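*Asks:* Contents are mmCIF, C-alpha atoms and all ligand atoms; file name upload_16.cif:
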```cif
data_entry
#
loop_
_atom_site.group_PDB
_atom_site.id
_atom_site.type_symbol
_atom_site.label_atom_id
_atom_site.label_comp_id
_atom_site.auth_asym_id
_atom_site.auth_seq_id
_atom_site.Cartn_x
_atom_site.Cartn_y
_atom_site.Cartn_z
ATOM 1 C CA MET A 1 11.381 23.589 -19.917
ATOM 2 C CA LEU A 2 10.307 20.205 -18.578
ATOM 3 C CA ALA A 3 9.096 17.800 -21.231
ATOM 4 C CA GLU A 4 5.934 17.048 -19.224
ATOM 5 C CA SER A 5 4.675 20.613 -19.018
ATOM 6 C CA ILE A 6 2.250 20.307 -21.915
ATOM 7 C CA ASP A 7 -1.429 21.074 -21.880
ATOM 8 C CA TYR A 8 -2.757 17.899 -20.278
ATOM 9 C CA LYS A 9 -4.477 17.569 -16.903
ATOM 10 C CA LEU A 10 -4.727 14.234 -15.078
ATOM 11 C CA PRO A 11 -8.219 13.241 -13.889
ATOM 12 C CA GLU A 12 -9.052 13.960 -10.228
ATOM 13 C CA LYS A 13 -8.667 11.007 -7.830
ATOM 14 C CA GLU A 14 -12.446 10.452 -7.493
ATOM 15 C CA LYS A 15 -12.859 10.351 -11.272
ATOM 16 C CA LYS A 16 -9.729 8.331 -12.060
ATOM 17 C CA SER A 17 -11.330 4.859 -12.225
ATOM 18 C CA GLU A 18 -14.154 5.968 -14.494
ATOM 19 C CA TYR A 19 -11.706 7.849 -16.730
ATOM 20 C CA VAL A 20 -9.209 4.974 -16.964
ATOM 21 C CA GLU A 21 -11.906 2.397 -17.714
ATOM 22 C CA SER A 22 -13.524 4.428 -20.478
ATOM 23 C CA LYS A 23 -10.209 5.459 -22.028
ATOM 24 C CA PHE A 24 -8.878 1.881 -22.136
ATOM 25 C CA ASP A 25 -12.150 0.889 -23.792
ATOM 26 C CA GLU A 26 -11.475 3.551 -26.423
ATOM 27 C CA ILE A 27 -7.852 2.554 -27.191
ATOM 28 C CA ALA A 28 -8.238 -1.230 -26.774
ATOM 29 C CA GLN A 29 -8.017 -2.048 -30.491
ATOM 30 C CA ARG A 30 -4.660 -0.263 -30.794
ATOM 31 C CA TYR A 31 -3.222 -1.089 -27.362
ATOM 32 C CA ASP A 32 -1.056 -4.082 -28.332
ATOM 33 C CA LEU A 33 0.406 -2.423 -31.416
ATOM 34 C CA PHE A 34 1.080 0.737 -29.396
ATOM 35 C CA ASN A 35 2.924 -1.282 -26.732
ATOM 36 C CA ASP A 36 5.000 -3.082 -29.372
ATOM 37 C CA LEU A 37 5.953 0.205 -31.003
ATOM 38 C CA ILE A 38 6.831 2.218 -27.894
ATOM 39 C CA THR A 39 8.883 -0.567 -26.255
ATOM 40 C CA PHE A 40 10.343 -1.884 -29.535
ATOM 41 C CA GLY A 41 8.707 -5.203 -28.625
ATOM 42 C CA MET A 42 10.633 -5.448 -25.344
ATOM 43 C CA HIS A 43 7.438 -5.585 -23.224
ATOM 44 C CA ARG A 44 7.013 -9.174 -24.405
ATOM 45 C CA TYR A 45 10.367 -10.131 -22.872
ATOM 46 C CA TRP A 46 9.544 -8.277 -19.622
ATOM 47 C CA LYS A 47 6.202 -10.079 -19.379
ATOM 48 C CA LYS A 48 7.937 -13.446 -19.791
ATOM 49 C CA PHE A 49 10.260 -12.388 -16.957
ATOM 50 C CA VAL A 50 7.207 -11.568 -14.808
ATOM 51 C CA ALA A 51 5.742 -15.007 -15.522
ATOM 52 C CA LYS A 52 8.991 -16.743 -14.567
ATOM 53 C CA LYS A 53 9.256 -14.780 -11.315
ATOM 54 C CA THR A 54 5.896 -16.120 -10.125
ATOM 55 C CA GLY A 55 7.683 -19.463 -9.619
ATOM 56 C CA LEU A 56 4.314 -21.194 -9.897
ATOM 57 C CA ALA A 57 4.108 -24.968 -9.477
ATOM 58 C CA PRO A 58 1.500 -27.216 -11.193
ATOM 59 C CA GLY A 59 -2.018 -26.706 -9.823
ATOM 60 C CA GLU A 60 -1.252 -23.342 -8.183
ATOM 61 C CA ASN A 61 -3.410 -20.238 -8.625
ATOM 62 C CA CYS A 62 -2.352 -16.935 -10.133
ATOM 63 C CA LEU A 63 -4.316 -13.688 -10.380
ATOM 64 C CA ASP A 64 -3.341 -11.318 -13.185
ATOM 65 C CA LEU A 65 -4.729 -7.960 -12.084
ATOM 66 C CA CYS A 66 -5.388 -5.271 -14.708
ATOM 67 C CA THR A 67 -4.831 -7.947 -17.348
ATOM 68 C CA GLY A 68 -5.803 -5.745 -20.300
ATOM 69 C CA THR A 69 -5.464 -7.817 -23.455
ATOM 70 C CA GLY A 70 -4.142 -10.685 -21.337
ATOM 71 C CA ASP A 71 -0.437 -10.895 -22.262
ATOM 72 C CA ILE A 72 0.788 -11.675 -18.743
ATOM 73 C CA GLY A 73 -1.918 -14.241 -17.991
ATOM 74 C CA ARG A 74 -0.984 -16.092 -21.169
ATOM 75 C CA ALA A 75 2.757 -15.780 -20.399
ATOM 76 C CA VAL A 76 2.143 -17.293 -16.954
ATOM 77 C CA LEU A 77 0.387 -20.268 -18.543
ATOM 78 C CA LYS A 78 3.243 -20.711 -20.981
ATOM 79 C CA PHE A 79 5.664 -20.735 -18.067
ATOM 80 C CA GLN A 80 3.503 -23.131 -16.017
ATOM 81 C CA PRO A 81 0.895 -24.847 -18.242
ATOM 82 C CA GLU A 82 -0.602 -26.615 -15.201
ATOM 83 C CA ALA A 83 -1.316 -23.379 -13.293
ATOM 84 C CA LYS A 84 -4.787 -21.851 -12.973
ATOM 85 C CA VAL A 85 -4.853 -18.211 -14.019
ATOM 86 C CA THR A 86 -7.615 -15.743 -13.225
ATOM 87 C CA ALA A 87 -7.296 -12.534 -15.211
ATOM 88 C CA LEU A 88 -9.221 -9.448 -14.084
ATOM 89 C CA ASP A 89 -9.839 -6.094 -15.729
ATOM 90 C CA PHE A 90 -12.667 -3.553 -15.710
ATOM 91 C CA SER A 91 -12.398 -2.589 -19.379
ATOM 92 C CA SER A 92 -14.787 -4.799 -21.320
ATOM 93 C CA GLU A 93 -13.114 -3.870 -24.632
ATOM 94 C CA MET A 94 -9.658 -4.904 -23.384
ATOM 95 C CA LEU A 95 -11.132 -8.159 -22.022
ATOM 96 C CA GLU A 96 -12.857 -8.850 -25.339
ATOM 97 C CA LEU A 97 -9.452 -8.724 -27.060
ATOM 98 C CA ALA A 98 -7.947 -10.923 -24.349
ATOM 99 C CA HIS A 99 -10.657 -13.520 -25.053
ATOM 100 C CA GLN A 100 -9.913 -13.392 -28.766
ATOM 101 C CA GLN A 101 -6.205 -14.109 -28.132
ATOM 102 C CA GLN A 102 -6.802 -16.864 -25.583
ATOM 103 C CA GLY A 103 -5.805 -19.617 -28.054
ATOM 104 C CA GLU A 104 -5.048 -23.168 -27.032
ATOM 105 C CA ASN A 105 -4.414 -22.346 -23.367
ATOM 106 C CA ALA A 106 -8.130 -21.727 -22.781
ATOM 107 C CA HIS A 107 -8.434 -24.480 -20.160
ATOM 108 C CA GLY A 108 -6.258 -22.806 -17.499
ATOM 109 C CA LEU A 109 -7.431 -19.255 -18.030
ATOM 110 C CA ASN A 110 -10.469 -17.541 -16.591
ATOM 111 C CA TYR A 111 -11.321 -13.912 -17.415
ATOM 112 C CA ILE A 112 -13.330 -11.808 -15.004
ATOM 113 C CA ARG A 113 -14.601 -8.261 -15.411
ATOM 114 C CA GLY A 114 -14.046 -6.493 -12.105
ATOM 115 C CA ASP A 115 -12.320 -3.731 -10.195
ATOM 116 C CA ALA A 116 -8.819 -4.194 -8.785
ATOM 117 C CA MET A 117 -9.912 -1.939 -5.899
ATOM 118 C CA ALA A 118 -12.600 -4.472 -4.903
ATOM 119 C CA PRO A 119 -11.420 -7.866 -6.153
ATOM 120 C CA PRO A 120 -14.130 -10.525 -5.798
ATOM 121 C CA PHE A 121 -11.972 -13.373 -4.421
ATOM 122 C CA PRO A 122 -11.523 -15.104 -1.061
ATOM 123 C CA LYS A 123 -8.593 -14.148 1.158
ATOM 124 C CA GLU A 124 -5.338 -16.123 0.817
ATOM 125 C CA TYR A 125 -6.482 -17.813 -2.392
ATOM 126 C CA PHE A 126 -3.593 -17.145 -4.791
ATOM 127 C CA GLU A 127 0.031 -18.296 -4.755
ATOM 128 C CA ALA A 128 0.920 -15.412 -7.084
ATOM 129 C CA VAL A 129 -0.489 -12.081 -8.209
ATOM 130 C CA THR A 130 0.888 -10.402 -11.318
ATOM 131 C CA VAL A 131 0.188 -6.885 -12.484
ATOM 132 C CA GLY A 132 1.548 -5.187 -15.596
ATOM 133 C CA TYR A 133 1.227 -1.401 -15.970
ATOM 134 C CA GLY A 134 -1.713 -1.552 -13.597
ATOM 135 C CA LEU A 135 -0.769 -0.165 -10.170
ATOM 136 C CA ARG A 136 -0.068 3.216 -11.825
ATOM 137 C CA ASN A 137 -3.683 3.322 -12.942
ATOM 138 C CA VAL A 138 -5.594 2.400 -9.812
ATOM 139 C CA ALA A 139 -7.325 5.076 -7.729
ATOM 140 C CA ASP A 140 -5.520 4.232 -4.461
ATOM 141 C CA LEU A 141 -2.142 2.501 -4.671
ATOM 142 C CA SER A 142 -1.769 1.590 -0.976
ATOM 143 C CA ALA A 143 -5.313 0.225 -0.739
ATOM 144 C CA CYS A 144 -4.728 -1.867 -3.857
ATOM 145 C CA ILE A 145 -1.473 -3.274 -2.423
ATOM 146 C CA LYS A 146 -3.342 -4.138 0.811
ATOM 147 C CA ASN A 147 -5.939 -6.013 -1.271
ATOM 148 C CA ILE A 148 -3.222 -7.929 -3.096
ATOM 149 C CA LEU A 149 -1.522 -8.870 0.159
ATOM 150 C CA SER A 150 -4.767 -10.239 1.592
ATOM 151 C CA LEU A 151 -5.467 -12.277 -1.572
ATOM 152 C CA LEU A 152 -2.066 -13.946 -1.446
ATOM 153 C CA LYS A 153 -1.428 -17.138 0.489
ATOM 154 C CA PRO A 154 1.382 -17.004 3.076
ATOM 155 C CA SER A 155 4.722 -16.977 1.166
ATOM 156 C CA GLY A 156 2.833 -15.908 -1.969
ATOM 157 C CA VAL A 157 4.433 -13.528 -4.413
ATOM 158 C CA LEU A 158 3.431 -10.285 -6.138
ATOM 159 C CA VAL A 159 5.208 -9.556 -9.419
ATOM 160 C CA CYS A 160 4.674 -6.044 -10.715
ATOM 161 C CA LEU A 161 5.874 -4.608 -14.038
ATOM 162 C CA ASP A 162 5.691 -0.875 -14.677
ATOM 163 C CA VAL A 163 7.610 2.144 -15.843
ATOM 164 C CA GLY A 164 10.454 3.181 -13.558
ATOM 165 C CA LYS A 165 12.703 6.191 -13.079
ATOM 166 C CA VAL A 166 16.117 6.455 -14.749
ATOM 167 C CA ASN A 167 18.904 7.559 -12.397
ATOM 168 C CA ILE A 168 21.603 8.599 -14.885
ATOM 169 C CA PRO A 169 20.844 12.318 -15.543
ATOM 170 C CA VAL A 170 21.514 12.491 -19.319
ATOM 171 C CA ILE A 171 19.646 9.269 -19.994
ATOM 172 C CA ALA A 172 16.830 10.407 -17.695
ATOM 173 C CA GLN A 173 16.426 13.563 -19.838
ATOM 174 C CA LEU A 174 16.379 11.510 -23.033
ATOM 175 C CA ASN A 175 13.902 9.077 -21.525
ATOM 176 C CA ARG A 176 11.638 11.913 -20.377
ATOM 177 C CA PHE A 177 11.719 13.435 -23.853
ATOM 178 C CA TYR A 178 10.889 10.062 -25.401
ATOM 179 C CA PHE A 179 8.107 9.279 -22.927
ATOM 180 C CA PHE A 180 6.434 12.691 -22.892
ATOM 181 C CA LYS A 181 6.958 13.785 -26.499
ATOM 182 C CA ILE A 182 7.514 10.798 -28.778
ATOM 183 C CA VAL A 183 5.240 8.224 -27.099
ATOM 184 C CA PRO A 184 2.112 10.460 -27.335
ATOM 185 C CA LEU A 185 2.984 11.207 -30.979
ATOM 186 C CA ILE A 186 3.121 7.484 -31.765
ATOM 187 C CA GLY A 187 -0.217 6.981 -30.000
ATOM 188 C CA LYS A 188 -1.875 9.874 -31.798
ATOM 189 C CA TRP A 189 -0.516 8.619 -35.100
ATOM 190 C CA LEU A 190 -2.371 5.362 -34.394
ATOM 191 C CA MET A 191 -5.494 7.095 -33.027
ATOM 192 C CA PRO A 192 -5.633 10.768 -33.975
ATOM 193 C CA GLY A 193 -6.879 13.085 -31.219
ATOM 194 C CA GLN A 194 -6.802 10.406 -28.480
ATOM 195 C CA GLU A 195 -5.768 12.070 -25.170
ATOM 196 C CA MET A 196 -5.089 8.718 -23.456
ATOM 197 C CA PHE A 197 -1.631 8.818 -25.004
ATOM 198 C CA ASP A 198 -0.917 11.945 -22.944
ATOM 199 C CA TYR A 199 -2.400 10.327 -19.829
ATOM 200 C CA LEU A 200 0.105 7.462 -20.077
ATOM 201 C CA PRO A 201 3.308 9.475 -19.447
ATOM 202 C CA HIS A 202 1.565 11.863 -17.048
ATOM 203 C CA SER A 203 0.317 8.958 -14.923
ATOM 204 C CA SER A 204 3.983 8.191 -14.144
ATOM 205 C CA ILE A 205 4.634 11.605 -12.528
ATOM 206 C CA ASN A 206 2.977 10.769 -9.205
ATOM 207 C CA TYR A 207 3.786 7.063 -9.374
ATOM 208 C CA PRO A 208 6.576 6.104 -6.937
ATOM 209 C CA ASP A 209 10.051 5.373 -8.263
ATOM 210 C CA GLN A 210 11.630 1.951 -7.749
ATOM 211 C CA LYS A 211 12.969 2.650 -4.239
ATOM 212 C CA LYS A 212 9.764 4.305 -3.041
ATOM 213 C CA LEU A 213 7.560 1.502 -4.379
ATOM 214 C CA LYS A 214 9.782 -1.040 -2.633
ATOM 215 C CA LYS A 215 9.416 0.952 0.602
ATOM 216 C CA ILE A 216 5.615 1.087 0.229
ATOM 217 C CA LEU A 217 5.419 -2.670 -0.422
ATOM 218 C CA LEU A 218 7.482 -3.368 2.716
ATOM 219 C CA GLU A 219 5.417 -0.907 4.792
ATOM 220 C CA GLU A 220 2.188 -2.579 3.657
ATOM 221 C CA GLY A 221 3.464 -5.945 4.934
ATOM 222 C CA PHE A 222 5.511 -7.669 2.262
ATOM 223 C CA GLN A 223 8.601 -9.293 3.753
ATOM 224 C CA LYS A 224 11.142 -9.104 0.961
ATOM 225 C CA VAL A 225 11.146 -7.074 -2.244
ATOM 226 C CA ASP A 226 13.572 -7.544 -5.152
ATOM 227 C CA VAL A 227 13.763 -4.946 -7.897
ATOM 228 C CA TYR A 228 14.856 -5.697 -11.480
ATOM 229 C CA ASP A 229 15.572 -2.745 -13.749
ATOM 230 C CA PHE A 230 15.606 -2.792 -17.534
ATOM 231 C CA VAL A 231 16.728 -0.085 -19.986
ATOM 232 C CA PHE A 232 18.497 1.949 -17.251
ATOM 233 C CA GLY A 233 15.399 1.711 -15.028
ATOM 234 C CA ALA A 234 12.888 3.012 -17.578
ATOM 235 C CA SER A 235 11.154 -0.322 -17.080
ATOM 236 C CA THR A 236 11.109 -2.047 -13.713
ATOM 237 C CA ILE A 237 9.842 -5.215 -12.073
ATOM 238 C CA HIS A 238 9.187 -5.613 -8.337
ATOM 239 C CA VAL A 239 9.016 -9.109 -6.884
ATOM 240 C CA ALA A 240 7.474 -8.929 -3.401
ATOM 241 C CA GLN A 241 7.069 -11.867 -1.072
ATOM 242 C CA LYS A 242 4.378 -12.199 1.565
ATOM 243 C CA PRO A 243 5.604 -13.528 4.931
ATOM 244 C CA ALA A 244 5.150 -17.244 5.596
ATOM 245 C CA SER A 245 2.926 -16.424 8.557
ATOM 246 C CA SER A 246 1.169 -13.194 9.497
HETATM 247 C C1 LIG B 1 -1.799 -0.248 -19.349
HETATM 248 S S1 LIG B 1 -3.012 -1.502 -19.347
HETATM 249 C C2 LIG B 1 -2.057 -2.924 -18.947
HETATM 250 C C3 LIG B 1 -2.552 -4.187 -19.579
HETATM 251 C C4 LIG B 1 -1.672 -5.410 -19.370
HETATM 252 N N1 LIG B 1 -1.576 -5.768 -17.965
HETATM 253 C C5 LIG B 1 -0.301 -5.255 -19.959
HETATM 254 O O1 LIG B 1 0.655 -5.450 -19.226
HETATM 255 O O2 LIG B 1 -0.182 -4.950 -21.146
HETATM 256 C C6 LIG B 1 -3.837 -1.186 -17.829
HETATM 257 C C7 LIG B 1 -5.082 -1.999 -17.666
HETATM 258 O O3 LIG B 1 -5.497 -1.876 -16.317
HETATM 259 C C8 LIG B 1 -6.902 -1.831 -16.285
HETATM 260 N N2 LIG B 1 -7.280 -1.218 -15.023
HETATM 261 C C9 LIG B 1 -6.881 -0.039 -14.519
HETATM 262 N N3 LIG B 1 -7.430 0.174 -13.316
HETATM 263 C C10 LIG B 1 -8.179 -0.917 -13.035
HETATM 264 C C11 LIG B 1 -8.998 -1.292 -11.946
HETATM 265 N N4 LIG B 1 -9.164 -0.496 -10.883
HETATM 266 N N5 LIG B 1 -9.622 -2.486 -11.982
HETATM 267 C C12 LIG B 1 -9.488 -3.294 -13.056
HETATM 268 N N6 LIG B 1 -8.749 -2.984 -14.130
HETATM 269 C C13 LIG B 1 -8.088 -1.809 -14.126
HETATM 270 C C14 LIG B 1 -7.260 -1.033 -17.531
HETATM 271 O O4 LIG B 1 -8.596 -1.269 -17.933
HETATM 272 C C15 LIG B 1 -6.239 -1.551 -18.529
HETATM 273 O O5 LIG B 1 -6.741 -2.646 -19.261
#
```
Could you show the structure in this file as structure tokens?

*Replies:*
Amino acid sequence: MLAESIDYKLPEKEKKSEYVESKFDEIAQRYDLFNDLITFGMHRYWKKFVAKKTGLAPGENCLDLCTGTGDIGRAVLKFQPEAKVTALDFSSEMLELAHQQQGENAHGLNYIRGDAMAPPFPKEYFEAVTVGYGLRNVADLSACIKNILSLLKPSGVLVCLDVGKVNIPVIAQLNRFYFFKIVPLIGKWLMPGQEMFDYLPHSSINYPDQKKLKKILLEEGFQKVDVYDFVFGASTIHVAQKPASS
């Protein structure tokens, strides 16, 4: 029996945004601890890697889409303290926590409540766009990638961190068991009865694997895509470059 065949139904496409926003509001207070527990703290290292891959120079602009509690935005500023980071999310509870953790880097960081499907920024404004565990949650992946491409300056870079697919069969089975059985248990131990912890693994079922996401990014107009796998591919980072001229 497949580990994922438990009694959980993903929201329909039209209701996905509303569902995701309200559920992240509900789990916001436990989100960081949950992430630390399920990745054994490794997400912090992966987010630093994302920040480094932006390659930002002083004065350049970065958009952190689906910023949540703001880890990646802050990591980007640590990597390049002279960058200007705009961090967007539609969950007001997640953004509230991001504000609380802003710390001494407040000057380079601007939080905005908004929808990644309709980002309120001029075209070709950002040198880099980062997104951590976000593309899996948007209502329309291709449309969101198109938006990102249009927000990037020529030669700009998208750095995307998310869950990936493991290729080694035995490890893939173990990973699936961990992700679909243990991860929800950890979440429900932190917040009893919270179904969002079942949504999380199930949202990965229809999300493209590393190769497919690379193909989609190239089809949408990115010129070059590098893929970095961690933990046998269970975690993956795509670095996609926009062409120098369109
Ligand atoms: C799994 S959390 C990731 C948070 C953070 N980027 C990280 O790496 O820990 C996903 C976040 O994406 C946000 N999100 C999902 N869809 C969104 C959308 N269409 N517009 C804005 N934010 C969105 C959720 O509110 C949530 O805070």

*Asks:* If you count all atoms listed in the file, which residues fall within 9 Å of stretch 92-95 of chain A, apart from same-chain ones fewer than 4 positions away, as a count of residues only?

*Replies:* 19

*Asks:* Can you list, as a ChimeraX atom specification, the residues that the PyMOL selection byres (((chain A and resi 136) around 12) and not hetatm) selects here?

*Replies:* /A:16-17,20,66,116,131-135,137-142,144-145,160-164,199-209,213

*Asks:* Would you mind listing what lies within 12 Å of A:Arg44 as a list of chain:residue names, with all atoms listed in the file counted and same-chain residues fewer than 2 positions away left out?

*Replies:*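 The neighbour list is A:Asp32, A:Leu33, A:Asn35, A:Asp36, A:Leu37, A:Ile38, A:Thr39, A:Phe40, A:Gly41, A:Met42, A:Trp46, A:Lys47, A:Lys48, A:Phe49, A:Val50, A:Ala51, A:Gly70, A:Asp71, A:Ile72, A:Arg74, A:Ala75, A:Gly132, A:Leu161.
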
*Asks:* Using only C-alpha atoms - which residues lie no farther than 8 Å from the point (-0.2, -22.3, -15.9) in the file's frame? Write them as a VMD selection string.

*Replies:* chain A and resid 56 58 to 60 76 to 85 108

*Asks:* Name the residues that the PyMOL selection byres (((chain A and resi 185) around 12) and not hetatm) pulls out of this structure, and write them as number ranges by chain.

*Replies:* A: 34, 37-38, 177-184, 186-198, 200-201

*Asks:* I'd like the residues picked by the PyMOL selection byres (((chain A and resi 126) around 8) and not hetatm) written out as a PDB file with C-alpha atoms, in the coordinates of the input, using the chain letters and numbers from the file.

*Replies:*
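For reference, part_6.pdb as written:
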```pdb
ATOM      1  CA  GLU A  60      -1.252 -23.342  -8.183  1.00  0.00           C
ATOM      2  CA  ASN A  61      -3.410 -20.238  -8.625  1.00  0.00           C
ATOM      3  CA  CYS A  62      -2.352 -16.935 -10.133  1.00  0.00           C
ATOM      4  CA  LEU A  63      -4.316 -13.688 -10.380  1.00  0.00           C
ATOM      5  CA  GLU A 124      -5.338 -16.123   0.817  1.00  0.00           C
ATOM      6  CA  TYR A 125      -6.482 -17.813  -2.392  1.00  0.00           C
ATOM      7  CA  GLU A 127       0.031 -18.296  -4.755  1.00  0.00           C
ATOM      8  CA  ALA A 128       0.920 -15.412  -7.084  1.00  0.00           C
ATOM      9  CA  VAL A 129      -0.489 -12.081  -8.209  1.00  0.00           C
ATOM     10  CA  LEU A 151      -5.467 -12.277  -1.572  1.00  0.00           C
ATOM     11  CA  LEU A 152      -2.066 -13.946  -1.446  1.00  0.00           C
ATOM     12  CA  LYS A 153      -1.428 -17.138   0.489  1.00  0.00           C
ATOM     13  CA  GLY A 156       2.833 -15.908  -1.969  1.00  0.00           C
TER      14      GLY A 156
END
```

*Asks:* One decimal, Å: what's the distance from atom CA of A:Pro154 over to atom CA of A:Val239, could you say?

*Replies:*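 Computing it gives 14.8 Å between the two atoms.
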
*Asks:* By how many Å are atom CA of A:Lys13 and atom CA of A:Ser150 apart?

*Replies:*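 So the answer is 23.6 Å.
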
*Asks:* Between atom CA of A:Ala234 and atom CA of A:Gln101, measure the distance and give it in Å to one decimal.

*Replies:*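 Answer for the atom CA of A:Ala234 to atom CA of A:Gln101 separation: 27.7 Å.
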
*Asks:* Which is closer to ligand LIG 1 (chain B) than all the others in A:Gln210, A:Ser91, A:Ser22, A:Ser155, using only C-alpha atoms and all ligand atoms?

*Replies:*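 Ranking A:Gln210, A:Ser91, A:Ser22, A:Ser155 by distance to ligand LIG 1 (chain B), first place goes to A:Ser91.
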
*Asks:* Please determine, counting all atoms listed in the file, which residue among A:Ala57, A:Leu97, A:Leu109, A:Ile216 has the shortest atom-to-atom distance to ligand LIG 1 (chain B).

*Replies:*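 That would be A:Leu97, the residue with the smallest distance to ligand LIG 1 (chain B).
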
*Asks:* Taking all atoms of ligand LIG 1 (chain B) that appear in the file, build a box with edges along x, y and z, extend it by 4 Å on every side, and state its centre and edge lengths in Å to one decimal, as lines of an AutoDock Vina configuration file.

*Replies:*
```
center_x = -4.5
center_y = -2.8
center_z = -16.0
size_x = 18.3
size_y = 13.9
size_z = 18.3
```

*Asks:* Determine the nearest neighbour of ligand LIG 1 (chain B) from the options A:His43, A:Lys9, A:Lys123, A:Lys53, counting all atoms listed in the file.

*Replies:*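 For ligand LIG 1 (chain B), the nearest of the given residues is A:His43.
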
*Asks:* Could you check the closest approach to ligand LIG 1 (chain B) for each of A:Gly55, A:Gly233, A:Pro11, A:Pro119 and tell me which residue wins, using only C-alpha atoms and all ligand atoms?

*Replies:*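 Smallest distance to ligand LIG 1 (chain B) is found for A:Pro119.
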
*Asks:* Go through A:Leu174, A:Val159, A:Ala118, A:Ala244 and flag the residue nearest A:Leu217, using all atoms listed in the file for the distances.

*Replies:*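 That would be A:Val159, the residue with the smallest distance to A:Leu217.
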
*Asks:* Which of these residues is nearest to ligand LIG 1 (chain B), using all atoms listed in the file: A:Leu65, A:Val225, A:Ile171, A:Ile148?

*Replies:* A:Leu65

*Asks:* For stretch 217-228 of chain A, supply N, CA and C atoms and report the output as a PDB file, in the frame of the given file.

*Replies:*
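What follows is the written file selection18.pdb:
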```pdb
ATOM      1  N   LEU A 217       5.762  -1.233  -0.482  1.00  0.00           N
ATOM      2  CA  LEU A 217       5.419  -2.670  -0.422  1.00  0.00           C
ATOM      3  C   LEU A 217       5.837  -3.255   0.932  1.00  0.00           C
ATOM      4  N   LEU A 218       7.014  -2.860   1.413  1.00  0.00           N
ATOM      5  CA  LEU A 218       7.482  -3.368   2.716  1.00  0.00           C
ATOM      6  C   LEU A 218       6.607  -2.813   3.837  1.00  0.00           C
ATOM      7  N   GLU A 219       6.261  -1.525   3.747  1.00  0.00           N
ATOM      8  CA  GLU A 219       5.417  -0.907   4.792  1.00  0.00           C
ATOM      9  C   GLU A 219       4.029  -1.561   4.846  1.00  0.00           C
ATOM     10  N   GLU A 220       3.524  -1.961   3.683  1.00  0.00           N
ATOM     11  CA  GLU A 220       2.188  -2.579   3.657  1.00  0.00           C
ATOM     12  C   GLU A 220       2.207  -4.022   4.156  1.00  0.00           C
ATOM     13  N   GLY A 221       3.412  -4.613   4.309  1.00  0.00           N
ATOM     14  CA  GLY A 221       3.464  -5.945   4.934  1.00  0.00           C
ATOM     15  C   GLY A 221       4.194  -7.011   4.145  1.00  0.00           C
ATOM     16  N   PHE A 222       4.695  -6.672   2.957  1.00  0.00           N
ATOM     17  CA  PHE A 222       5.511  -7.669   2.262  1.00  0.00           C
ATOM     18  C   PHE A 222       6.836  -7.808   3.000  1.00  0.00           C
ATOM     19  N   GLN A 223       7.429  -9.029   2.929  1.00  0.00           N
ATOM     20  CA  GLN A 223       8.601  -9.293   3.753  1.00  0.00           C
ATOM     21  C   GLN A 223       9.902  -8.958   3.029  1.00  0.00           C
ATOM     22  N   LYS A 224       9.900  -9.241   1.733  1.00  0.00           N
ATOM     23  CA  LYS A 224      11.142  -9.104   0.961  1.00  0.00           C
ATOM     24  C   LYS A 224      10.757  -8.608  -0.420  1.00  0.00           C
ATOM     25  N   VAL A 225      11.470  -7.606  -0.913  1.00  0.00           N
ATOM     26  CA  VAL A 225      11.146  -7.074  -2.244  1.00  0.00           C
ATOM     27  C   VAL A 225      12.430  -6.986  -3.067  1.00  0.00           C
ATOM     28  N   ASP A 226      12.449  -7.659  -4.213  1.00  0.00           N
ATOM     29  CA  ASP A 226      13.572  -7.544  -5.152  1.00  0.00           C
ATOM     30  C   ASP A 226      13.138  -6.675  -6.321  1.00  0.00           C
ATOM     31  N   VAL A 227      14.075  -5.853  -6.784  1.00  0.00           N
ATOM     32  CA  VAL A 227      13.763  -4.946  -7.897  1.00  0.00           C
ATOM     33  C   VAL A 227      14.681  -5.274  -9.078  1.00  0.00           C
ATOM     34  N   TYR A 228      14.092  -5.413 -10.259  1.00  0.00           N
ATOM     35  CA  TYR A 228      14.856  -5.697 -11.480  1.00  0.00           C
ATOM     36  C   TYR A 228      14.622  -4.557 -12.463  1.00  0.00           C
TER      37      TYR A 228
END
```
